[in-house]
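Participant: Coordinates in start-v1.cif, mmCIF, C-alpha atoms, are listed below.
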```
data_data
loop_
_atom_site.label_atom_id
_atom_site.label_comp_id
_atom_site.auth_asym_id
_atom_site.auth_seq_id
_atom_site.Cartn_x
_atom_site.Cartn_y
_atom_site.Cartn_z
CA MET Z 1097 70.28 101.77 103.92
CA ALA Z 1098 69.51 98.41 105.51
CA ASN Z 1099 68.32 96.93 102.20
CA VAL Z 1100 71.14 98.30 100.05
CA ARG Z 1101 73.54 95.54 99.06
CA ALA Z 1102 76.90 95.68 97.32
CA GLU Z 1103 78.70 92.95 95.43
CA SER Z 1104 81.93 91.51 96.77
CA ASN Z 1105 84.83 90.06 94.81
CA VAL Z 1106 84.94 86.85 96.84
CA PRO Z 1107 85.01 83.91 94.39
CA ARG Z 1108 82.16 81.42 94.77
CA GLY Z 1109 82.70 77.79 93.84
CA GLN Z 1110 85.56 78.38 91.44
CA PHE Z 1111 88.20 76.31 93.21
CA GLY Z 1112 86.22 73.44 94.73
CA PHE Z 1113 87.14 74.31 98.30
CA GLU Z 1114 85.90 72.15 101.15
CA HIS Z 1115 85.45 75.14 103.44
CA VAL Z 1116 82.67 77.49 102.38
CA PRO Z 1117 80.95 80.42 104.15
CA GLU Z 1118 77.90 78.59 105.47
CA THR Z 1119 76.85 78.66 109.14
CA ASP Z 1120 73.97 77.86 111.50
CA GLN Z 1121 74.44 81.23 113.23
CA SER Z 1122 72.53 84.41 112.45
CA PHE Z 1123 74.01 87.83 111.80
CA GLU Z 1124 71.93 89.38 114.58
CA ASN Z 1125 73.17 86.92 117.21
CA ALA Z 1126 76.77 87.35 116.09
CA LEU Z 1127 76.51 91.14 116.24
CA GLU Z 1128 75.02 91.01 119.74
CA LYS Z 1129 77.88 88.79 120.92
CA ALA Z 1130 80.34 91.31 119.44
CA ARG Z 1131 78.56 94.18 121.22
CA THR Z 1132 78.74 92.48 124.60
CA GLY Z 1133 82.36 91.38 124.20
CA GLU Z 1134 81.69 87.66 124.19
CA ARG Z 1135 84.40 85.65 122.45
CA LEU Z 1136 83.32 85.02 118.87
CA THR Z 1137 83.21 81.65 117.15
CA VAL Z 1138 84.19 81.03 113.55
CA ALA Z 1139 80.49 81.00 112.62
CA ASP Z 1140 80.06 84.40 114.30
CA GLY Z 1141 83.00 85.80 112.39
CA VAL Z 1142 81.68 84.53 109.07
CA GLU Z 1143 78.28 86.11 109.70
CA LEU Z 1144 79.89 89.46 110.51
CA LEU Z 1145 82.31 89.33 107.60
CA THR Z 1146 79.57 88.48 105.10
CA THR Z 1147 76.93 90.68 106.83
CA GLY Z 1148 74.82 87.54 106.93
CA THR Z 1149 75.10 84.35 104.92
CA ASP Z 1150 71.37 84.38 104.19
CA SER Z 1151 71.75 86.73 101.19
CA PRO Z 1152 74.44 87.37 98.56
CA GLY Z 1153 76.57 90.47 98.61
CA ILE Z 1154 77.26 92.87 101.47
CA ASP Z 1155 74.39 94.57 103.27
CA ILE Z 1156 75.57 98.17 103.69
CA GLY Z 1157 73.43 98.89 106.75
CA ARG Z 1158 74.64 95.76 108.51
CA LYS Z 1159 78.21 96.56 107.52
CA GLU Z 1160 77.96 99.98 109.19
CA SER Z 1161 76.71 98.29 112.36
CA VAL Z 1162 79.76 96.01 112.40
CA LEU Z 1163 82.10 98.95 111.84
CA GLU Z 1164 80.46 100.89 114.67
CA VAL Z 1165 80.84 98.04 117.14
CA ALA Z 1166 84.47 97.50 116.08
CA ASP Z 1167 85.31 101.18 116.48
CA ARG Z 1168 83.79 101.15 119.96
CA ARG Z 1169 85.87 98.07 120.83
CA ARG Z 1170 89.00 99.84 119.59
CA GLU Z 1171 88.25 102.76 121.90
CA GLU Z 1172 87.77 100.40 124.84
CA MET Z 1173 90.98 98.46 124.17
CA VAL Z 1174 93.51 101.12 123.17
CA GLY Z 1175 91.79 104.50 123.32
CA ASP Z 1176 92.10 107.48 120.99
CA PRO Z 1177 95.76 107.59 119.83
CA VAL Z 1178 96.76 106.57 116.31
CA THR Z 1179 100.27 105.20 116.47
CA PHE Z 1180 103.08 104.99 113.93
CA VAL Z 1181 106.78 104.12 113.95
CA ALA Z 1182 109.94 105.58 112.43
CA ASN Z 1183 111.14 102.68 110.32
CA LEU Z 1184 113.07 101.62 107.26
CA ASN Z 1185 112.45 98.70 104.91
CA ASN Z 1186 115.74 97.09 103.90
CA ASN Z 1187 114.99 93.94 101.94
CA VAL Z 1188 118.18 92.02 101.18
CA THR Z 1189 117.36 90.18 97.95
CA THR Z 1190 114.62 89.68 95.40
CA ALA Z 1191 116.02 86.33 94.26
CA CYS Z 1192 113.47 83.58 94.90
CA ASN Z 1193 112.38 80.28 93.37
CA THR Z 1194 109.30 79.65 95.51
CA GLY Z 1195 106.87 80.58 92.74
CA CYS Z 1196 104.01 82.12 94.75
CA LEU Z 1197 101.22 83.14 92.41
CA PHE Z 1198 100.25 86.26 94.39
CA CYS Z 1199 103.73 87.80 94.29
CA ASN Z 1200 105.67 89.93 91.85
CA PHE Z 1201 108.39 90.98 94.29
CA LYS Z 1202 110.75 88.13 93.53
CA ASN Z 1203 112.99 87.55 90.53
CA THR Z 1204 113.75 83.97 89.50
CA ALA Z 1205 117.06 83.11 91.13
CA GLN Z 1206 118.61 81.84 87.88
CA ASN Z 1207 118.62 85.46 86.69
CA PHE Z 1208 121.21 86.24 89.37
CA GLU Z 1209 123.71 83.62 88.29
CA VAL Z 1210 127.06 84.47 86.74
CA GLY Z 1211 126.62 85.36 83.08
CA ALA Z 1212 122.81 85.45 83.18
CA GLY Z 1213 122.66 89.04 81.96
CA GLU Z 1214 120.63 92.04 83.08
CA HIS Z 1215 117.58 91.76 85.32
CA GLY Z 1216 115.52 94.05 87.52
CA GLY Z 1217 116.34 92.49 90.87
CA PHE Z 1218 118.98 93.00 93.53
CA THR Z 1219 121.02 91.26 96.18
CA LYS Z 1220 122.63 93.48 98.80
CA THR Z 1221 125.80 92.65 100.66
CA PRO Z 1222 125.85 92.96 104.46
CA GLU Z 1223 128.17 95.93 104.03
CA GLU Z 1224 125.61 97.68 101.84
CA SER Z 1225 122.84 96.95 104.34
CA ARG Z 1226 124.94 98.35 107.17
CA GLU Z 1227 125.57 101.56 105.26
CA ILE Z 1228 121.84 101.95 104.50
CA VAL Z 1229 120.83 101.33 108.11
CA ALA Z 1230 123.56 103.58 109.49
CA GLY Z 1231 122.39 106.45 107.30
CA ALA Z 1232 118.77 105.98 108.34
CA ARG Z 1233 119.76 105.75 112.02
CA GLU Z 1234 121.48 109.13 111.81
CA ARG Z 1235 118.22 110.60 110.52
CA GLY Z 1236 116.20 109.23 113.46
CA ILE Z 1237 115.06 105.77 112.28
CA TYR Z 1238 115.06 103.08 114.97
CA GLU Z 1239 113.29 100.11 113.35
CA VAL Z 1240 114.53 98.15 110.34
CA THR Z 1241 112.17 95.68 108.69
CA SER Z 1242 113.84 93.16 106.41
CA VAL Z 1243 111.78 90.60 104.46
CA SER Z 1244 113.46 89.03 101.46
CA GLY Z 1245 113.20 86.41 98.75
CA LEU Z 1246 114.44 82.89 99.40
CA HIS Z 1247 117.78 83.07 97.60
CA PRO Z 1248 119.08 79.53 97.01
CA GLY Z 1249 122.61 80.59 97.99
CA ILE Z 1250 121.78 82.15 101.36
CA THR Z 1251 122.23 80.06 104.50
CA LEU Z 1252 121.82 80.54 108.24
CA ASP Z 1253 125.57 80.69 108.85
CA GLU Z 1254 128.80 79.09 107.68
CA GLU Z 1255 128.01 75.83 109.50
CA HIS Z 1256 124.73 75.62 107.63
CA ARG Z 1257 126.54 76.24 104.34
CA GLU Z 1258 128.93 73.38 105.07
CA VAL Z 1259 125.99 71.04 105.75
CA LEU Z 1260 124.31 71.97 102.48
CA GLU Z 1261 127.54 71.71 100.46
CA ALA Z 1262 128.09 68.20 101.80
CA SER Z 1263 124.52 67.05 101.15
CA ASP Z 1264 123.64 64.94 98.12
CA ARG Z 1265 119.94 65.81 98.36
CA GLY Z 1266 118.51 67.59 95.35
CA ASP Z 1267 115.40 69.02 97.00
CA LEU Z 1268 116.97 71.64 99.29
CA ASN Z 1269 116.70 74.73 97.07
CA TYR Z 1270 120.43 75.31 97.49
CA LYS Z 1271 123.13 76.36 95.05
CA SER Z 1272 126.64 77.42 95.96
CA PRO Z 1273 127.13 81.20 96.29
CA ASP Z 1274 129.92 80.87 93.71
CA ALA Z 1275 127.22 80.47 91.08
CA TYR Z 1276 125.93 84.01 91.61
CA GLU Z 1277 127.16 87.43 90.57
CA THR Z 1278 126.73 88.59 94.18
CA ASP Z 1279 127.36 86.24 97.10
CA PRO Z 1280 124.15 86.46 99.22
CA ARG Z 1281 126.19 85.57 102.35
CA THR Z 1282 124.30 84.38 105.44
CA TYR Z 1283 121.31 85.45 107.49
CA VAL Z 1284 123.55 85.84 110.53
CA GLU Z 1285 125.89 88.20 108.64
CA HIS Z 1286 123.02 90.34 107.42
CA LEU Z 1287 121.46 90.60 110.87
CA ARG Z 1288 124.79 91.55 112.44
CA ALA Z 1289 125.23 94.21 109.79
CA MET Z 1290 121.84 95.79 110.52
CA ASN Z 1291 122.15 95.43 114.29
CA LEU Z 1292 123.45 98.90 115.10
CA PRO Z 1293 123.06 100.37 118.61
CA GLY Z 1294 119.47 101.38 119.27
CA ILE Z 1295 118.14 99.73 116.09
CA HIS Z 1296 115.32 97.20 116.40
CA VAL Z 1297 115.74 94.55 113.69
CA HIS Z 1298 112.38 93.10 112.66
CA SER Z 1299 113.11 90.22 110.31
CA MET Z 1300 113.04 86.48 109.51
CA THR Z 1301 109.55 85.39 108.54
CA PRO Z 1302 108.55 81.78 109.24
CA GLU Z 1303 109.33 81.02 105.59
CA GLU Z 1304 112.83 82.48 105.93
CA ALA Z 1305 113.33 80.57 109.18
CA TYR Z 1306 112.44 77.36 107.33
CA HIS Z 1307 114.95 78.30 104.62
CA ALA Z 1308 117.54 78.87 107.35
CA ARG Z 1309 117.27 75.28 108.61
CA ARG Z 1310 116.69 73.37 105.37
CA GLY Z 1311 118.71 70.20 105.06
CA THR Z 1312 119.42 69.95 108.80
CA GLU Z 1313 117.90 68.42 111.91
CA TRP Z 1314 118.02 71.76 113.70
CA SER Z 1315 114.90 72.89 115.51
CA TYR Z 1316 113.32 76.27 114.94
CA GLU Z 1317 114.31 77.15 118.50
CA GLU Z 1318 117.99 76.56 117.68
CA VAL Z 1319 117.71 78.67 114.53
CA PHE Z 1320 115.99 81.56 116.27
CA ARG Z 1321 118.50 81.54 119.13
CA LYS Z 1322 121.33 81.97 116.61
CA LEU Z 1323 119.43 84.72 114.85
CA GLN Z 1324 118.62 86.42 118.14
CA SER Z 1325 122.30 86.36 119.11
CA ALA Z 1326 123.09 88.06 115.80
CA GLY Z 1327 120.66 90.91 116.51
CA LEU Z 1328 117.17 89.74 115.63
CA ALA Z 1329 114.71 91.56 117.92
CA SER Z 1330 111.28 90.52 116.62
CA VAL Z 1331 109.72 88.40 113.90
CA PRO Z 1332 107.26 89.55 111.20
CA GLY Z 1333 104.38 87.12 110.89
CA THR Z 1334 104.21 87.44 107.15
CA ALA Z 1335 104.26 84.47 104.75
CA ALA Z 1336 100.99 83.61 106.50
CA GLU Z 1337 98.81 84.59 103.54
CA ILE Z 1338 95.77 82.44 104.45
CA LEU Z 1339 96.43 79.82 107.14
CA VAL Z 1340 94.25 77.19 105.49
CA ASP Z 1341 96.11 74.61 103.45
CA GLU Z 1342 93.55 74.19 100.68
CA VAL Z 1343 94.08 77.87 99.85
CA ARG Z 1344 97.85 77.66 100.19
CA ARG Z 1345 97.94 74.77 97.72
CA VAL Z 1346 96.46 77.12 95.12
CA ILE Z 1347 98.34 80.37 95.72
CA CYS Z 1348 101.69 79.24 97.18
CA PRO Z 1349 102.20 75.47 96.78
CA GLY Z 1350 105.96 75.85 97.25
CA LYS Z 1351 105.64 77.46 100.68
CA ILE Z 1352 105.46 75.90 104.11
CA ASP Z 1353 102.05 74.72 105.26
CA THR Z 1354 99.94 76.11 108.07
CA ASN Z 1355 101.32 73.86 110.81
CA GLU Z 1356 104.91 74.67 109.83
CA TRP Z 1357 104.14 78.39 109.99
CA LEU Z 1358 102.61 78.02 113.44
CA GLU Z 1359 105.51 75.85 114.66
CA SER Z 1360 108.01 78.48 113.57
CA MET Z 1361 106.10 81.28 115.28
CA GLU Z 1362 105.76 79.34 118.53
CA ALA Z 1363 109.49 78.66 118.47
CA ALA Z 1364 110.24 82.37 118.03
CA ALA Z 1365 108.02 83.12 121.01
CA SER Z 1366 109.68 80.41 123.09
CA VAL Z 1367 113.09 82.09 122.83
CA GLY Z 1368 111.64 85.47 123.83
CA LEU Z 1369 111.02 87.16 120.50
CA ASP Z 1370 107.99 89.38 119.97
CA MET Z 1371 106.16 88.94 116.69
CA THR Z 1372 103.44 90.34 114.50
CA ALA Z 1373 100.79 88.46 112.53
CA THR Z 1374 99.24 89.14 109.15
CA ILE Z 1375 96.59 87.99 106.73
CA MET Z 1376 96.82 88.49 102.97
CA TYR Z 1377 93.26 88.35 101.68
CA GLY Z 1378 91.21 89.20 98.62
CA HIS Z 1379 92.41 86.60 96.09
CA VAL Z 1380 91.01 83.06 95.79
CA GLU Z 1381 89.87 82.52 99.38
CA ASN Z 1382 86.37 83.00 100.83
CA GLU Z 1383 85.11 84.44 104.10
CA MET Z 1384 85.26 81.07 105.90
CA HIS Z 1385 88.98 80.85 105.13
CA ARG Z 1386 89.52 84.37 106.41
CA VAL Z 1387 87.88 83.66 109.75
CA MET Z 1388 89.60 80.28 110.11
CA HIS Z 1389 92.83 82.21 109.71
CA LEU Z 1390 91.80 84.64 112.45
CA GLU Z 1391 91.02 81.74 114.76
CA ARG Z 1392 94.48 80.25 114.23
CA VAL Z 1393 96.11 83.58 114.98
CA ARG Z 1394 93.96 84.03 118.09
CA ASP Z 1395 94.82 80.54 119.31
CA LEU Z 1396 98.52 81.25 118.72
CA GLN Z 1397 98.24 84.40 120.81
CA ASP Z 1398 96.45 82.48 123.56
CA ARG Z 1399 99.47 80.16 123.69
CA THR Z 1400 102.27 82.71 123.34
CA GLU Z 1401 101.04 86.20 124.30
CA THR Z 1402 103.77 87.66 122.09
CA ILE Z 1403 101.86 89.07 119.09
CA THR Z 1404 102.12 92.86 119.27
CA GLU Z 1405 99.93 93.70 116.27
CA PHE Z 1406 97.76 92.18 113.56
CA VAL Z 1407 98.09 93.47 110.02
CA PRO Z 1408 95.38 92.79 107.39
CA LEU Z 1409 96.97 93.07 103.94
CA SER Z 1410 94.61 93.54 101.03
CA PHE Z 1411 95.81 91.65 97.94
CA VAL Z 1412 97.19 93.91 95.21
CA HIS Z 1413 96.40 91.95 92.08
CA GLN Z 1414 98.00 93.88 89.22
CA ASN Z 1415 101.22 92.36 87.83
CA THR Z 1416 100.78 89.09 89.75
CA PRO Z 1417 100.56 85.59 88.22
CA LEU Z 1418 97.11 85.07 89.77
CA TYR Z 1419 95.79 87.95 87.69
CA GLU Z 1420 97.86 87.27 84.59
CA ARG Z 1421 96.63 83.65 84.51
CA GLY Z 1422 92.99 84.69 84.87
CA MET Z 1423 92.58 83.11 88.31
CA VAL Z 1424 91.40 86.41 89.82
CA ASP Z 1425 89.84 89.48 88.26
CA ALA Z 1426 90.51 91.95 91.07
CA GLY Z 1427 91.30 92.27 94.75
CA ALA Z 1428 88.96 92.88 97.66
CA THR Z 1429 86.36 95.65 97.46
CA THR Z 1430 86.44 98.62 99.81
CA HIS Z 1431 83.49 97.10 101.72
CA GLU Z 1432 85.43 93.86 102.20
CA ASP Z 1433 88.49 95.81 103.36
CA GLU Z 1434 86.49 97.68 105.99
CA LEU Z 1435 84.85 94.50 107.24
CA MET Z 1436 88.21 92.71 107.40
CA ILE Z 1437 89.60 95.40 109.69
CA ALA Z 1438 86.45 95.45 111.81
CA VAL Z 1439 86.09 91.70 112.22
CA SER Z 1440 89.81 91.41 112.99
CA ARG Z 1441 89.28 93.84 115.87
CA LEU Z 1442 86.24 91.99 117.16
CA PHE Z 1443 87.53 88.44 116.71
CA LEU Z 1444 91.09 88.98 117.95
CA ASP Z 1445 90.13 89.87 121.50
CA ASN Z 1446 93.66 89.12 122.74
CA ILE Z 1447 95.61 91.38 120.35
CA ASP Z 1448 95.57 95.08 121.18
CA ASN Z 1449 96.80 96.63 117.97
CA ILE Z 1450 95.24 96.39 114.51
CA GLN Z 1451 97.12 98.10 111.70
CA SER Z 1452 95.78 100.03 108.73
CA SER Z 1453 98.17 99.88 105.77
CA TRP Z 1454 98.32 103.14 103.80
CA VAL Z 1455 100.54 101.28 101.32
CA LYS Z 1456 97.69 98.89 100.53
CA TYR Z 1457 94.68 101.19 100.99
CA GLY Z 1458 96.01 104.66 100.18
CA ASP Z 1459 95.75 107.67 102.46
CA ALA Z 1460 92.01 108.37 102.36
CA GLN Z 1461 90.87 104.79 102.80
CA GLY Z 1462 93.71 104.06 105.21
CA LEU Z 1463 92.39 106.85 107.43
CA LYS Z 1464 88.85 105.48 107.11
CA MET Z 1465 90.10 102.17 108.51
CA LEU Z 1466 90.97 104.00 111.72
CA SER Z 1467 87.22 104.33 112.32
CA CYS Z 1468 86.64 100.64 111.51
CA GLY Z 1469 88.67 99.23 114.38
CA ALA Z 1470 92.30 99.94 113.47
CA ASN Z 1471 94.54 102.03 115.73
CA ASP Z 1472 97.96 101.88 114.05
CA PHE Z 1473 98.95 103.53 110.77
CA MET Z 1474 102.21 101.75 109.91
CA GLY Z 1475 105.45 103.69 109.71
CA THR Z 1476 107.64 105.95 107.63
CA ILE Z 1477 109.03 103.00 105.55
CA LEU Z 1478 111.82 104.80 103.72
CA SER Z 1479 111.64 102.07 101.06
CA GLU Z 1480 108.74 99.80 100.07
CA GLU Z 1481 109.43 97.40 97.23
CA ILE Z 1482 107.01 94.49 97.64
CA THR Z 1483 103.68 96.24 97.08
CA LYS Z 1484 105.16 98.49 94.38
CA ARG Z 1485 106.29 95.49 92.34
CA ALA Z 1486 102.82 93.94 92.60
CA GLY Z 1487 101.30 97.08 91.07
CA GLY Z 1488 100.55 99.16 94.16
CA GLU Z 1489 99.97 102.84 93.42
CA PHE Z 1490 100.69 104.48 96.75
CA GLY Z 1491 103.81 106.13 98.12
CA GLU Z 1492 107.01 104.81 99.57
CA PHE Z 1493 107.59 107.33 102.36
CA ARG Z 1494 105.51 109.00 105.01
CA SER Z 1495 106.87 111.94 107.04
CA PHE Z 1496 105.95 112.70 110.64
CA GLU Z 1497 104.47 115.99 109.47
CA GLU Z 1498 102.10 114.14 107.14
CA TYR Z 1499 101.15 111.73 109.90
CA VAL Z 1500 100.34 114.52 112.34
CA GLU Z 1501 98.33 116.44 109.73
CA MET Z 1502 96.26 113.44 108.61
CA ILE Z 1503 95.57 111.99 112.06
CA THR Z 1504 94.65 115.37 113.51
CA ALA Z 1505 92.31 115.98 110.57
CA ILE Z 1506 90.15 112.99 111.55
CA GLY Z 1507 89.99 114.14 115.18
CA ARG Z 1508 92.39 111.58 116.62
CA THR Z 1509 95.66 111.94 118.53
CA PRO Z 1510 98.95 111.23 116.71
CA ALA Z 1511 101.44 109.15 118.69
CA GLU Z 1512 104.93 107.87 117.92
CA ARG Z 1513 105.56 104.30 119.09
CA SER Z 1514 108.35 101.80 119.44
CA THR Z 1515 108.19 98.56 117.47
CA ASP Z 1516 106.85 96.65 120.47
CA TYR Z 1517 104.38 99.38 121.53
CA ARG Z 1518 106.01 99.55 124.97
CA GLN Z 1519 106.91 103.21 124.35
CA ILE Z 1520 104.21 105.54 123.06
CA ARG Z 1521 104.79 109.31 122.79
CA THR Z 1522 101.80 111.56 122.20
CA ILE Z 1523 102.55 114.34 119.72
CA ASP Z 1524 101.20 117.87 120.17
CA PRO Z 1525 99.99 119.03 116.72
CA ASP Z 1526 100.76 122.65 117.69
CA ASP Z 1527 104.40 121.89 118.52
CA SER Z 1528 106.10 121.67 115.11
CA PRO Z 1529 108.44 120.70 113.50
CA PHE Z 1530 107.64 117.01 113.84
CA GLY Z 1531 110.17 114.22 113.93
CA PRO Z 1532 111.01 111.02 115.80
CA GLU Z 1533 112.25 111.11 119.39
CA LEU Z 1534 112.38 107.45 120.43
CA GLY Z 1535 115.51 106.41 118.52
CA PRO Z 1536 119.19 106.69 119.55
CA CYS Z 1537 119.81 109.57 117.13
CA ALA Z 1538 116.25 110.92 117.09
CA ASN Z 1539 115.98 114.47 118.43
CA GLY Z 1540 112.65 115.57 117.02
CA SER Z 1541 114.11 116.78 113.73
CA PRO Z 1542 112.15 115.89 110.57
CA LEU Z 1543 113.34 112.71 108.85
CA LEU Z 1544 113.80 114.41 105.48
CA ARG Z 1545 116.80 116.68 105.92
#
```
Translate the structure of the given file into structure tokens.

Facilitator:
Amino acid sequence: MANVRAESNVPRGQFGFEHVPETDQSFENALEKARTGERLTVADGVELLTTGTDSPGIDIGRKESVLEVADRRREEMVGDPVTFVANLNNNVTTACNTGCLFCNFKNTAQNFEVGAGEHGGFTKTPEESREIVAGARERGIYEVTSVSGLHPGITLDEEHREVLEASDRGDLNYKSPDAYETDPRTYVEHLRAMNLPGIHVHSMTPEEAYHARRGTEWSYEEVFRKLQSAGLASVPGTAAEILVDEVRRVICPGKIDTNEWLESMEAAASVGLDMTATIMYGHVENEMHRVMHLERVRDLQDRTETITEFVPLSFVHQNTPLYERGMVDAGATTHEDELMIAVSRLFLDNIDNIQSSWVKYGDAQGLKMLSCGANDFMGTILSEEITKRAGGEFGEFRSFEEYVEMITAIGRTPAERSTDYRQIRTIDPDDSPFGPELGPCANGSPLLR
């Protein structure tokens, strides 16, 4: 097997990037450092992710060695349990003018204006969000994840709206809520609506936090304190994509840059908010970009110690502008996916939890990732709109019964967790029926009832 090589979908030389996957390190030295637990350098990570930069393609035998070392590291760091959470996705709006080329979740905000006609998007009122969350809470859900488009009419609060209404600047991506069929209201109102007793609200990406302070001199700390007072409990480290600006200029030129993303995350940590971190890979970037991203996440964790999990997100290419414009032909291969999980485990020596996304990988491959270094298998996500709109083929709901059956089938221990991993409840596969127990209304009953 050592001489069998597989092609990858990583583009080579198409975009004129400064950073390319070339190192002075060897694969063998990098693998030995990973085995002994020595902190890896970027060059080490590139060698492991490419299975050696001395030959094209992925060496299958070397790949299996990396996966083995990563699985052993997972066992050492977090043990046998595979965790998951009882959660709901409640995205507030699809209206967005940012124009990211990897995304098909958003709908151009002009479509939402009065008289614009029919469109496929939505904007929820806080009252609608509260009703959705209240219903899910009664069924046992205790985490709500809310990640939305950057609606030009939404503001942090009423004070922010007054600032924007009085501004004569034309570059603030703001339009009065009166222009829209549905008033998007404010971030504070939406968070208060979702902040029911016992519910952990996981929301406000760095990009949304930037949107919530546009046109002001407010610091990120001030913004996050207001959001925290309204019910924000932790911050999703999405909108990261690839934390290398030469890549961001290609795939999301309208988004904040790497330093702005890091500044926002550090501010969230400074006011006492936990956070996650992500990478969205498999589009125009190369392996050097991927490992540079990991280094920036690891450095952030060294400074803050507040990242509870790292989530590799494999790019779903169908229905996205990158694919439609011929800039990419496909997403990452299965070999690349497995190596991304494994190298994330080995490189991020200060983050305990690595997540496998069944939404991105599907059930079978998602389970395989749990032997490549991952230990968490997402959550029940009663709604999942982002991946579906990009062309994802996998489901929108996962029951506790399915979790227990799948995790037990691969010889691991199923375990329910809280958002922050501070509560973990091992589940006995012989003690059915299976349902959440960690939430305020969770009594072990199945979620679907």

Participant: May I ask which of the residues Z:Gly1249, Z:Gly1507, Z:Pro1536, Z:Gly1157 is the closest one to Ser1272 of chain Z, counting only C-alpha atoms?

Facilitator: Z:Gly1249

Participant: Do a neighbour search on Gly1153 of chain Z at 7 Å with all atoms listed in the file, toss out local chain neighbours closer than 3 positions, and write the hits as number ranges by chain.

Facilitator: Z: 1101-1104

Participant: Have a look at Z:Ser1528, Z:Thr1119, Z:Gln1414, Z:Thr1372 and name the one nearest to Met1300 of chain Z; count only C-alpha atoms.

Facilitator: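 Counting only C-alpha atoms, the residue closest to Met1300 of chain Z is Z:Thr1372.
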
Participant: Please tell me which residues are no farther than 10 Å from (102.3, 98.7, 116.8) in the file, counting all atoms listed in the file, and write them as a VMD selection string.

Facilitator: chain Z and resid 1178 to 1181 1372 1403 to 1407 1448 to 1451 1471 to 1475 1512 to 1520

Participant: Kindly resolve the PyMOL selection byres ((chain Z and resi 1251-1257) around 7) on the present coordinates and return the residues as a list in words.

Facilitator: Gly1249, Ile1250, Glu1258, Val1259, Leu1260, Glu1261, Thr1282, Tyr1283, Val1284, Ala1308 and Arg1309 of chain Z

Participant: Got a sec to resolve the PyMOL selection byres ((chain Z and resi 1416) around 8) on this structure and send the residues as a PyMOL selection string?

Facilitator: chain Z and resi 1197-1200+1413-1415+1417-1420+1486

Participant: Would you pick out the contacts of Asp1353 of chain Z at 7 Å or less, using only C-alpha atoms, so that residues sharing its chain but fewer than 3 positions from it are not included, and give the list as number ranges by chain?

Facilitator: Z: 1341, 1356-1357

Participant: On this structure, which residues satisfy the PyMOL selection byres ((chain Z and resi 1173) around 10), written as a VMD selection string?

Facilitator: chain Z and resid 1167 to 1172 1174 to 1176 1441 1445 to 1449 1471

Participant: Counting only C-alpha atoms, which residue out of Z:Leu1136, Z:Ile1237, Z:Ala1336, Z:Leu1287 sits closest to Gly1540 of chain Z?

Facilitator: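 Among Z:Leu1136, Z:Ile1237, Z:Ala1336, Z:Leu1287, it is Z:Ile1237 that comes nearest to Gly1540 of chain Z.
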
Participant: Got a minute to add N, CA and C atoms to segment 1127-1138 of chain Z and dump it as a compact mmCIF listing (two decimals), in the coordinates of the input?

Facilitator:
```txt
# COMPACT_ATOMS: atom_id res chain seq x y z
N LEU Z 1127 76.28 89.73 115.94
CA LEU Z 1127 76.51 91.14 116.24
C LEU Z 1127 76.29 91.43 117.71
N GLU Z 1128 75.28 90.80 118.31
CA GLU Z 1128 75.02 91.01 119.74
C GLU Z 1128 76.18 90.47 120.58
N LYS Z 1129 76.72 89.32 120.20
CA LYS Z 1129 77.88 88.79 120.92
C LYS Z 1129 79.06 89.76 120.81
N ALA Z 1130 79.25 90.35 119.63
CA ALA Z 1130 80.34 91.31 119.44
C ALA Z 1130 80.11 92.55 120.31
N ARG Z 1131 78.87 92.99 120.41
CA ARG Z 1131 78.56 94.18 121.22
C ARG Z 1131 78.86 93.95 122.69
N THR Z 1132 78.57 92.76 123.17
CA THR Z 1132 78.74 92.48 124.60
C THR Z 1132 80.15 92.00 124.95
N GLY Z 1133 80.98 91.79 123.93
CA GLY Z 1133 82.36 91.38 124.20
C GLY Z 1133 82.55 89.90 124.39
N GLU Z 1134 81.54 89.10 124.08
CA GLU Z 1134 81.69 87.66 124.19
C GLU Z 1134 82.63 87.16 123.10
N ARG Z 1135 83.45 86.17 123.44
CA ARG Z 1135 84.40 85.65 122.45
C ARG Z 1135 83.63 85.04 121.28
N LEU Z 1136 84.03 85.44 120.07
CA LEU Z 1136 83.32 85.02 118.87
C LEU Z 1136 83.80 83.65 118.39
N THR Z 1137 82.88 82.90 117.80
CA THR Z 1137 83.21 81.65 117.15
C THR Z 1137 83.49 81.92 115.67
N VAL Z 1138 83.98 80.89 114.98
CA VAL Z 1138 84.19 81.03 113.55
C VAL Z 1138 82.89 81.37 112.85
```
